[in-house]
Amino acid sequence: MADPLPPRMHAALCDAPGAALRLGEVPLPRPGPGQILVQMEACGVCHSDLHLRDGDEDLPDALYPLILGHEGIGRVVVTCDGGPEIGARVGLPWLYHTCLDCKPCRTGAETFCQANTARGVQHHGAFAEYALAEAAFVAPIPEVLDPVLAAPLLCAGLTAWAALGKTSAGPGSRVLIIGAGGLGQYAILIAKARGAEVVVIDTDATKLDTARALGADHAVLAGPGAGAQVQAMGGADVTLNFAPNAAVWSTIETAAAPMSEIVAVALIHDPVPLSLMWLLDGGHKVFGSSVGTRQEMADFLSFAATHPMPVDVERVPFSEVDHALTRLKSGDVTGRLCVDFSL
Ligand SMILES: [Zn+2]
Ligand SMILES: [Zn+2]
């Protein structure tokens with residue numbers, strides 16, 4: 001017999017926008033129809049959590065105290081009709097649920113559902129001993145994967161995978177990756193696995209060393225001449241932008257080969273000076289990508305099960321989750337941080 005579930009659980013609570021996360025006790029959540037309860041083993045610490053903690057996004061007061069965390073992996077302890085088996089290991093990603101009825105949902109592009117909701121934003125996340133999930137939106141996790149190493153795949157890795165999946169990156173193409181943090185590092189590994197030549201631009205020389213160690217063919221220090229250096233190599237056939245600032249557009253434009261594909265991934269609110277003349281003259285395609293669909297997640301996790309990804313993942317105890325976010329803010333992290341609930 002499994003141990004009975006406790007009536008209460010520990011959770012990292014964000015009491016208000018801008019407040020540090022505090023460990024508190026809350027009642028164990030009860031799954032409704034179509035929902036399951038998962039006992040967490042790991043939850044990655046993401047820049048989006050940092051933005052939410054620091055109050056950079058405008059959320060209704062009613063959502064607080066809010067539990068953040070959207071890179072969760074754990075074992076099912078309560079299931080529902082049609083849900084995964086008790087004991088199955090599942091992933092709780094950013095996408096909490098979507099309407100399943102609009103055109104994006106019906107065509108397998110549910111990340112663009114305008115009614116989508118996110119874990120750790122409109123719904124409590126996985127910085128807690130237990131978390132609820134919609135059975136239709138959890139990701140089965142292959143048993144060969146270590147939950148702590150796999151948790152960042154659910155957001156950072158998936159985002160890179162889905163962005164590359166929208167492009168023709170492959171043998172004979174040159175992929176430019178701007179930003180060599182966690183997402184960029186997964187993108188290097190995936191682009192190399194697809195057979196592309198990879199060029200990385202970053203402002204940080206240490207991150208460029210990491211990029212080279214992961215297999216990047218060229219590493220270029222960000223700056224006014226960076227785009228021209230890529231153009232001198234023959235130009236970028238595919239560009240993925242993970243750098244969160246609008247000034248990067250001039251580098252993207254300068255680096256682009258004719259008929260290039262440019263994927264916007266970083267969250268940038270400021271507009272960029274896109275010249276329609278440049279667009280038509282070069283025949284470029286510019287489009288966006290946001291996390292990944294359930295199908296992309298399944299494809300990516302089976303890829304990850306056979307392609308170990310040597311991105312540095314540092315384990316942190318649950319009690320230090322707020323400190324982990326502060327470290328992320330200070331830039332004192334080479335890869336990804338992940339809460340390990342067994343520590
Ligand atoms: Zn994330
Ligand atoms: Zn929809």
# chains A, B, ... in the order shown; residues from 1 in each chain; ligands from 1
>>> residues_around(residues="A:Gly182", least_positions_apart="5", cutoff="12 Å", atoms="only C-alpha atoms", output="PyMOL selection string")
chain A and resi 44-47+152-153+155-160+177+187-189+207+210-211+214+242-243+309-314+328+331+333-338
>>> residues_near_ligand(ligand="ligand 2", cutoff="9 Å", atoms="only C-alpha atoms and all ligand atoms", output="PDB file with N, CA and C atoms, in the first residue's frame")
ATOM      1  N   HIS A  97      -3.229  24.602 -20.217  1.00  0.00           N
ATOM      2  CA  HIS A  97      -4.209  24.047 -21.138  1.00  0.00           C
ATOM      3  C   HIS A  97      -4.599  25.064 -22.197  1.00  0.00           C
ATOM      4  N   THR A  98      -5.266  24.567 -23.238  1.00  0.00           N
ATOM      5  CA  THR A  98      -5.729  25.423 -24.323  1.00  0.00           C
ATOM      6  C   THR A  98      -7.170  25.033 -24.620  1.00  0.00           C
ATOM      7  N   CYS A  99      -7.833  25.777 -25.521  1.00  0.00           N
ATOM      8  CA  CYS A  99      -9.281  25.554 -25.723  1.00  0.00           C
ATOM      9  C   CYS A  99      -9.585  24.256 -26.465  1.00  0.00           C
ATOM     10  N   LEU A 100      -8.645  23.724 -27.225  1.00  0.00           N
ATOM     11  CA  LEU A 100      -8.790  22.496 -28.014  1.00  0.00           C
ATOM     12  C   LEU A 100      -9.825  22.632 -29.135  1.00  0.00           C
ATOM     13  N   ASP A 101     -10.283  23.830 -29.422  1.00  0.00           N
ATOM     14  CA  ASP A 101     -11.374  24.009 -30.369  1.00  0.00           C
ATOM     15  C   ASP A 101     -11.075  25.039 -31.471  1.00  0.00           C
ATOM     16  N   CYS A 102     -10.083  25.902 -31.276  1.00  0.00           N
ATOM     17  CA  CYS A 102      -9.805  26.951 -32.271  1.00  0.00           C
ATOM     18  C   CYS A 102      -8.922  26.373 -33.392  1.00  0.00           C
ATOM     19  N   LYS A 103      -8.635  27.184 -34.402  1.00  0.00           N
ATOM     20  CA  LYS A 103      -7.837  26.672 -35.522  1.00  0.00           C
ATOM     21  C   LYS A 103      -6.437  26.210 -35.082  1.00  0.00           C
ATOM     22  N   PRO A 104      -5.682  27.032 -34.313  1.00  0.00           N
ATOM     23  CA  PRO A 104      -4.388  26.512 -33.855  1.00  0.00           C
ATOM     24  C   PRO A 104      -4.521  25.187 -33.099  1.00  0.00           C
ATOM     25  N   CYS A 105      -5.514  25.072 -32.215  1.00  0.00           N
ATOM     26  CA  CYS A 105      -5.685  23.830 -31.461  1.00  0.00           C
ATOM     27  C   CYS A 105      -6.026  22.656 -32.377  1.00  0.00           C
ATOM     28  N   ARG A 106      -6.897  22.901 -33.346  1.00  0.00           N
ATOM     29  CA  ARG A 106      -7.340  21.805 -34.207  1.00  0.00           C
ATOM     30  C   ARG A 106      -6.288  21.391 -35.219  1.00  0.00           C
ATOM     31  N   ALA A 109      -1.258  23.171 -33.411  1.00  0.00           N
ATOM     32  CA  ALA A 109      -0.405  24.334 -33.143  1.00  0.00           C
ATOM     33  C   ALA A 109      -0.917  25.037 -31.892  1.00  0.00           C
ATOM     34  N   GLU A 110      -1.257  24.259 -30.852  1.00  0.00           N
ATOM     35  CA  GLU A 110      -1.978  24.803 -29.702  1.00  0.00           C
ATOM     36  C   GLU A 110      -1.210  25.867 -28.924  1.00  0.00           C
ATOM     37  N   THR A 111       0.100  25.997 -29.169  1.00  0.00           N
ATOM     38  CA  THR A 111       0.823  27.065 -28.461  1.00  0.00           C
ATOM     39  C   THR A 111       0.323  28.442 -28.892  1.00  0.00           C
ATOM     40  N   PHE A 112      -0.322  28.513 -30.074  1.00  0.00           N
ATOM     41  CA  PHE A 112      -0.814  29.813 -30.548  1.00  0.00           C
ATOM     42  C   PHE A 112      -2.305  30.002 -30.254  1.00  0.00           C
ATOM     43  N   CYS A 113      -2.898  29.095 -29.492  1.00  0.00           N
ATOM     44  CA  CYS A 113      -4.283  29.262 -29.035  1.00  0.00           C
ATOM     45  C   CYS A 113      -4.344  30.547 -28.208  1.00  0.00           C
ATOM     46  N   GLN A 114      -5.243  31.435 -28.552  1.00  0.00           N
ATOM     47  CA  GLN A 114      -5.306  32.716 -27.852  1.00  0.00           C
ATOM     48  C   GLN A 114      -5.975  32.591 -26.485  1.00  0.00           C
ATOM     49  N   ALA A 115      -6.522  31.389 -26.215  1.00  0.00           N
ATOM     50  CA  ALA A 115      -7.114  31.150 -24.890  1.00  0.00           C
ATOM     51  C   ALA A 115      -6.199  30.268 -24.041  1.00  0.00           C
ATOM     52  N   ASN A 116      -4.940  30.114 -24.449  1.00  0.00           N
ATOM     53  CA  ASN A 116      -4.066  29.217 -23.678  1.00  0.00           C
ATOM     54  C   ASN A 116      -3.770  29.821 -22.313  1.00  0.00           C
TER      55      ASN A 116
END
>>> closest_residue(among="A:Ile67, A:Val26, A:Ala162, A:Ala151", to="ligand 1", atoms="only C-alpha atoms and all ligand atoms")
A:Ala151
>>> select_by_dssp(residues="stretch 99-282 of chain A", states="alpha helix (DSSP H)", output="number ranges by chain")
A: 103-106, 147-150, 156-165, 182-193, 205-213, 226-232, 249-255, 276-282
>>> write_last_selection(atoms="C-alpha atoms", output="short mmCIF file (atom, residue, chain, number, x, y, z; two decimals), in the first residue's frame")
data_model
loop_
_atom_site.label_atom_id
_atom_site.label_comp_id
_atom_site.auth_asym_id
_atom_site.auth_seq_id
_atom_site.Cartn_x
_atom_site.Cartn_y
_atom_site.Cartn_z
CA LYS A 103 -7.84 26.67 -35.52
CA PRO A 104 -4.39 26.51 -33.86
CA CYS A 105 -5.69 23.83 -31.46
CA ARG A 106 -7.34 21.81 -34.21
CA PRO A 147 14.14 13.93 -13.85
CA VAL A 148 16.47 16.74 -12.73
CA LEU A 149 18.39 16.80 -16.02
CA ALA A 150 15.16 16.42 -18.00
CA ALA A 156 14.21 25.75 -22.40
CA GLY A 157 14.94 22.65 -24.48
CA LEU A 158 11.44 22.42 -25.97
CA THR A 159 11.48 26.10 -26.97
CA ALA A 160 14.74 25.58 -28.88
CA TRP A 161 13.45 22.34 -30.44
CA ALA A 162 10.16 23.87 -31.62
CA ALA A 163 11.88 26.98 -33.02
CA LEU A 164 14.33 24.87 -35.05
CA GLY A 165 11.50 22.56 -36.09
CA GLY A 182 20.32 27.74 -21.49
CA LEU A 183 17.98 27.98 -24.51
CA GLY A 184 20.80 28.80 -26.90
CA GLN A 185 22.83 25.87 -25.60
CA TYR A 186 20.00 23.43 -26.30
CA ALA A 187 19.62 25.02 -29.74
CA ILE A 188 23.32 24.42 -30.52
CA LEU A 189 23.01 20.72 -29.65
CA ILE A 190 19.78 20.27 -31.62
CA ALA A 191 21.03 22.21 -34.68
CA LYS A 192 24.26 20.17 -34.72
CA ALA A 193 22.24 16.95 -34.44
CA ALA A 205 33.11 35.39 -23.81
CA THR A 206 32.63 32.62 -21.23
CA LYS A 207 29.31 31.65 -22.82
CA LEU A 208 31.04 31.58 -26.21
CA ASP A 209 33.56 29.08 -24.78
CA THR A 210 30.64 26.96 -23.58
CA ALA A 211 29.05 27.24 -27.03
CA ARG A 212 32.26 25.97 -28.68
CA ALA A 213 32.49 23.11 -26.17
CA ALA A 226 29.05 40.80 -35.39
CA GLY A 227 26.47 40.63 -38.19
CA ALA A 228 29.11 41.48 -40.83
CA GLN A 229 31.34 38.68 -39.52
CA VAL A 230 28.52 36.19 -40.06
CA GLN A 231 27.84 37.67 -43.51
CA ALA A 232 31.54 37.15 -44.35
CA TRP A 249 17.64 43.37 -35.04
CA SER A 250 20.47 45.18 -36.88
CA THR A 251 22.74 42.16 -36.30
CA ILE A 252 20.03 39.80 -37.57
CA GLU A 253 19.47 41.91 -40.69
CA THR A 254 23.19 42.26 -41.44
CA ALA A 255 23.90 38.56 -40.92
CA LEU A 276 9.75 45.82 -45.96
CA MET A 277 12.11 46.57 -48.86
CA TRP A 278 14.82 44.43 -47.24
CA LEU A 279 12.23 41.72 -46.67
CA LEU A 280 11.12 41.50 -50.29
CA ASP A 281 14.55 42.09 -51.79
CA GLY A 282 16.05 39.16 -49.84
#
>>> atom_distance(atom1="atom CA of A:Val121", atom2="atom CA of A:Leu267")
15.8 Å
>>> select_by_dssp(residues="stretch 219-288 of chain A", states="strand (DSSP E)", output="list in words")
Ala219, Val220, Leu221, Ala236, Asp237, Val238, Thr239, Leu240, Asn241, Ala256, Ala257, Pro258, Met259, Ser260, Glu261, Ile262, Val263, Ala264, Lys285, Val286, Phe287 and Gly288 of chain A
>>> closest_residue(among="A:Leu132, A:Ala257, A:Ala126, A:Val199", to="ligand 1", atoms="only C-alpha atoms and all ligand atoms")
A:Ala126
>>> closest_residue(among="A:Val291, A:Gly283, A:Ala131, A:Arg194", to="A:Glu41", atoms="only C-alpha atoms")
A:Ala131
>>> atom_distance(atom1="atom CA of A:Leu66", atom2="atom CA of A:Met9")
14.4 Å
>>> closest_residue(among="A:Ala180, A:Ala266, A:Val248, A:Ala20", to="ligand 1", atoms="only C-alpha atoms and all ligand atoms")
A:Ala266
>>> closest_residue(among="A:Gly235, A:Arg174, A:Arg53, A:Gly91", to="A:Ile141", atoms="only C-alpha atoms")
A:Gly91
>>> decode(residues="stretch 11-56 of chain A", atoms="N, CA and C atoms", output="compact mmCIF listing (two decimals), in the first residue's frame")
# COMPACT_ATOMS: atom_id res chain seq x y z
N ALA A 11 4.99 24.54 -0.18
CA ALA A 11 5.02 25.20 -1.48
C ALA A 11 5.82 26.49 -1.36
N ALA A 12 6.44 26.90 -2.46
CA ALA A 12 7.13 28.20 -2.50
C ALA A 12 6.10 29.22 -2.96
N LEU A 13 5.73 30.13 -2.08
CA LEU A 13 4.62 31.04 -2.36
C LEU A 13 5.13 32.44 -2.70
N CYS A 14 4.58 32.99 -3.78
CA CYS A 14 4.85 34.39 -4.14
C CYS A 14 3.62 35.17 -3.67
N ASP A 15 3.77 35.97 -2.60
CA ASP A 15 2.61 36.63 -1.98
C ASP A 15 2.09 37.81 -2.78
N ALA A 16 2.98 38.45 -3.53
CA ALA A 16 2.60 39.65 -4.30
C ALA A 16 3.68 39.89 -5.35
N PRO A 17 3.35 40.65 -6.41
CA PRO A 17 4.37 40.95 -7.41
C PRO A 17 5.58 41.61 -6.73
N GLY A 18 6.76 41.11 -7.00
CA GLY A 18 7.96 41.70 -6.43
C GLY A 18 8.39 41.11 -5.10
N ALA A 19 7.56 40.21 -4.52
CA ALA A 19 7.91 39.61 -3.22
C ALA A 19 8.77 38.38 -3.42
N ALA A 20 9.74 38.20 -2.50
CA ALA A 20 10.55 36.98 -2.53
C ALA A 20 9.65 35.78 -2.30
N LEU A 21 10.02 34.62 -2.86
CA LEU A 21 9.24 33.42 -2.61
C LEU A 21 9.50 32.96 -1.18
N ARG A 22 8.42 32.57 -0.49
CA ARG A 22 8.61 32.04 0.87
C ARG A 22 8.03 30.64 0.92
N LEU A 23 8.72 29.77 1.68
CA LEU A 23 8.21 28.42 1.84
C LEU A 23 7.08 28.43 2.85
N GLY A 24 5.93 27.93 2.45
CA GLY A 24 4.80 27.89 3.37
C GLY A 24 4.07 26.56 3.22
N GLU A 25 3.03 26.40 4.04
CA GLU A 25 2.20 25.19 3.96
C GLU A 25 0.84 25.56 3.44
N VAL A 26 0.35 24.77 2.51
CA VAL A 26 -1.00 25.00 1.95
C VAL A 26 -1.71 23.65 1.88
N PRO A 27 -3.04 23.68 1.79
CA PRO A 27 -3.76 22.40 1.66
C PRO A 27 -3.34 21.67 0.37
N LEU A 28 -3.32 20.36 0.43
CA LEU A 28 -3.02 19.57 -0.77
C LEU A 28 -4.12 19.85 -1.80
N PRO A 29 -3.74 20.21 -3.04
CA PRO A 29 -4.80 20.49 -4.03
C PRO A 29 -5.57 19.23 -4.41
N ARG A 30 -6.85 19.39 -4.70
CA ARG A 30 -7.70 18.23 -5.05
C ARG A 30 -7.98 18.29 -6.55
N PRO A 31 -7.66 17.20 -7.27
CA PRO A 31 -7.92 17.20 -8.71
C PRO A 31 -9.42 17.21 -9.02
N GLY A 32 -9.82 18.01 -10.00
CA GLY A 32 -11.19 17.99 -10.52
C GLY A 32 -11.26 17.05 -11.70
N PRO A 33 -12.40 17.04 -12.42
CA PRO A 33 -12.54 16.15 -13.58
C PRO A 33 -11.43 16.41 -14.60
N GLY A 34 -10.83 15.35 -15.12
CA GLY A 34 -9.79 15.50 -16.14
C GLY A 34 -8.44 15.90 -15.59
N GLN A 35 -8.36 15.99 -14.26
CA GLN A 35 -7.09 16.43 -13.66
C GLN A 35 -6.42 15.30 -12.89
N ILE A 36 -5.10 15.44 -12.73
CA ILE A 36 -4.33 14.48 -11.95
C ILE A 36 -3.51 15.25 -10.91
N LEU A 37 -3.02 14.50 -9.90
CA LEU A 37 -2.13 15.10 -8.90
C LEU A 37 -0.77 14.41 -9.02
N VAL A 38 0.28 15.22 -9.02
CA VAL A 38 1.63 14.72 -9.27
C VAL A 38 2.52 15.10 -8.08
N GLN A 39 3.29 14.11 -7.58
CA GLN A 39 4.27 14.39 -6.53
C GLN A 39 5.58 14.77 -7.22
N MET A 40 6.05 15.99 -6.98
CA MET A 40 7.18 16.52 -7.74
C MET A 40 8.50 15.89 -7.33
N GLU A 41 9.33 15.61 -8.34
CA GLU A 41 10.70 15.15 -8.13
C GLU A 41 11.69 16.26 -8.48
N ALA A 42 11.33 17.09 -9.46
CA ALA A 42 12.25 18.12 -9.95
C ALA A 42 11.43 19.25 -10.57
N CYS A 43 11.97 20.47 -10.52
CA CYS A 43 11.35 21.57 -11.28
C CYS A 43 12.44 22.57 -11.64
N GLY A 44 12.62 22.78 -12.92
CA GLY A 44 13.63 23.72 -13.41
C GLY A 44 13.28 25.15 -13.03
N VAL A 45 14.32 25.96 -12.91
CA VAL A 45 14.18 27.38 -12.54
C VAL A 45 14.45 28.19 -13.81
N CYS A 46 13.43 28.98 -14.22
CA CYS A 46 13.47 29.61 -15.54
C CYS A 46 13.44 31.13 -15.41
N HIS A 47 13.96 31.81 -16.44
CA HIS A 47 13.89 33.27 -16.45
C HIS A 47 12.45 33.79 -16.35
N SER A 48 11.50 33.03 -16.90
CA SER A 48 10.10 33.48 -16.81
C SER A 48 9.65 33.52 -15.35
N ASP A 49 10.12 32.56 -14.53
CA ASP A 49 9.79 32.59 -13.10
C ASP A 49 10.34 33.86 -12.46
N LEU A 50 11.55 34.22 -12.88
CA LEU A 50 12.18 35.42 -12.34
C LEU A 50 11.36 36.67 -12.68
N HIS A 51 10.91 36.76 -13.95
CA HIS A 51 10.09 37.92 -14.35
C HIS A 51 8.80 37.97 -13.53
N LEU A 52 8.21 36.79 -13.29
CA LEU A 52 6.95 36.75 -12.54
C LEU A 52 7.20 37.13 -11.08
N ARG A 53 8.27 36.59 -10.48
CA ARG A 53 8.57 36.93 -9.08
C ARG A 53 8.79 38.43 -8.93
N ASP A 54 9.50 38.99 -9.91
CA ASP A 54 9.88 40.41 -9.80
C ASP A 54 8.77 41.36 -10.23
N GLY A 55 7.60 40.80 -10.59
CA GLY A 55 6.45 41.65 -10.92
C GLY A 55 6.56 42.32 -12.28
N ASP A 56 7.35 41.74 -13.21
CA ASP A 56 7.49 42.33 -14.54
C ASP A 56 6.25 42.09 -15.41
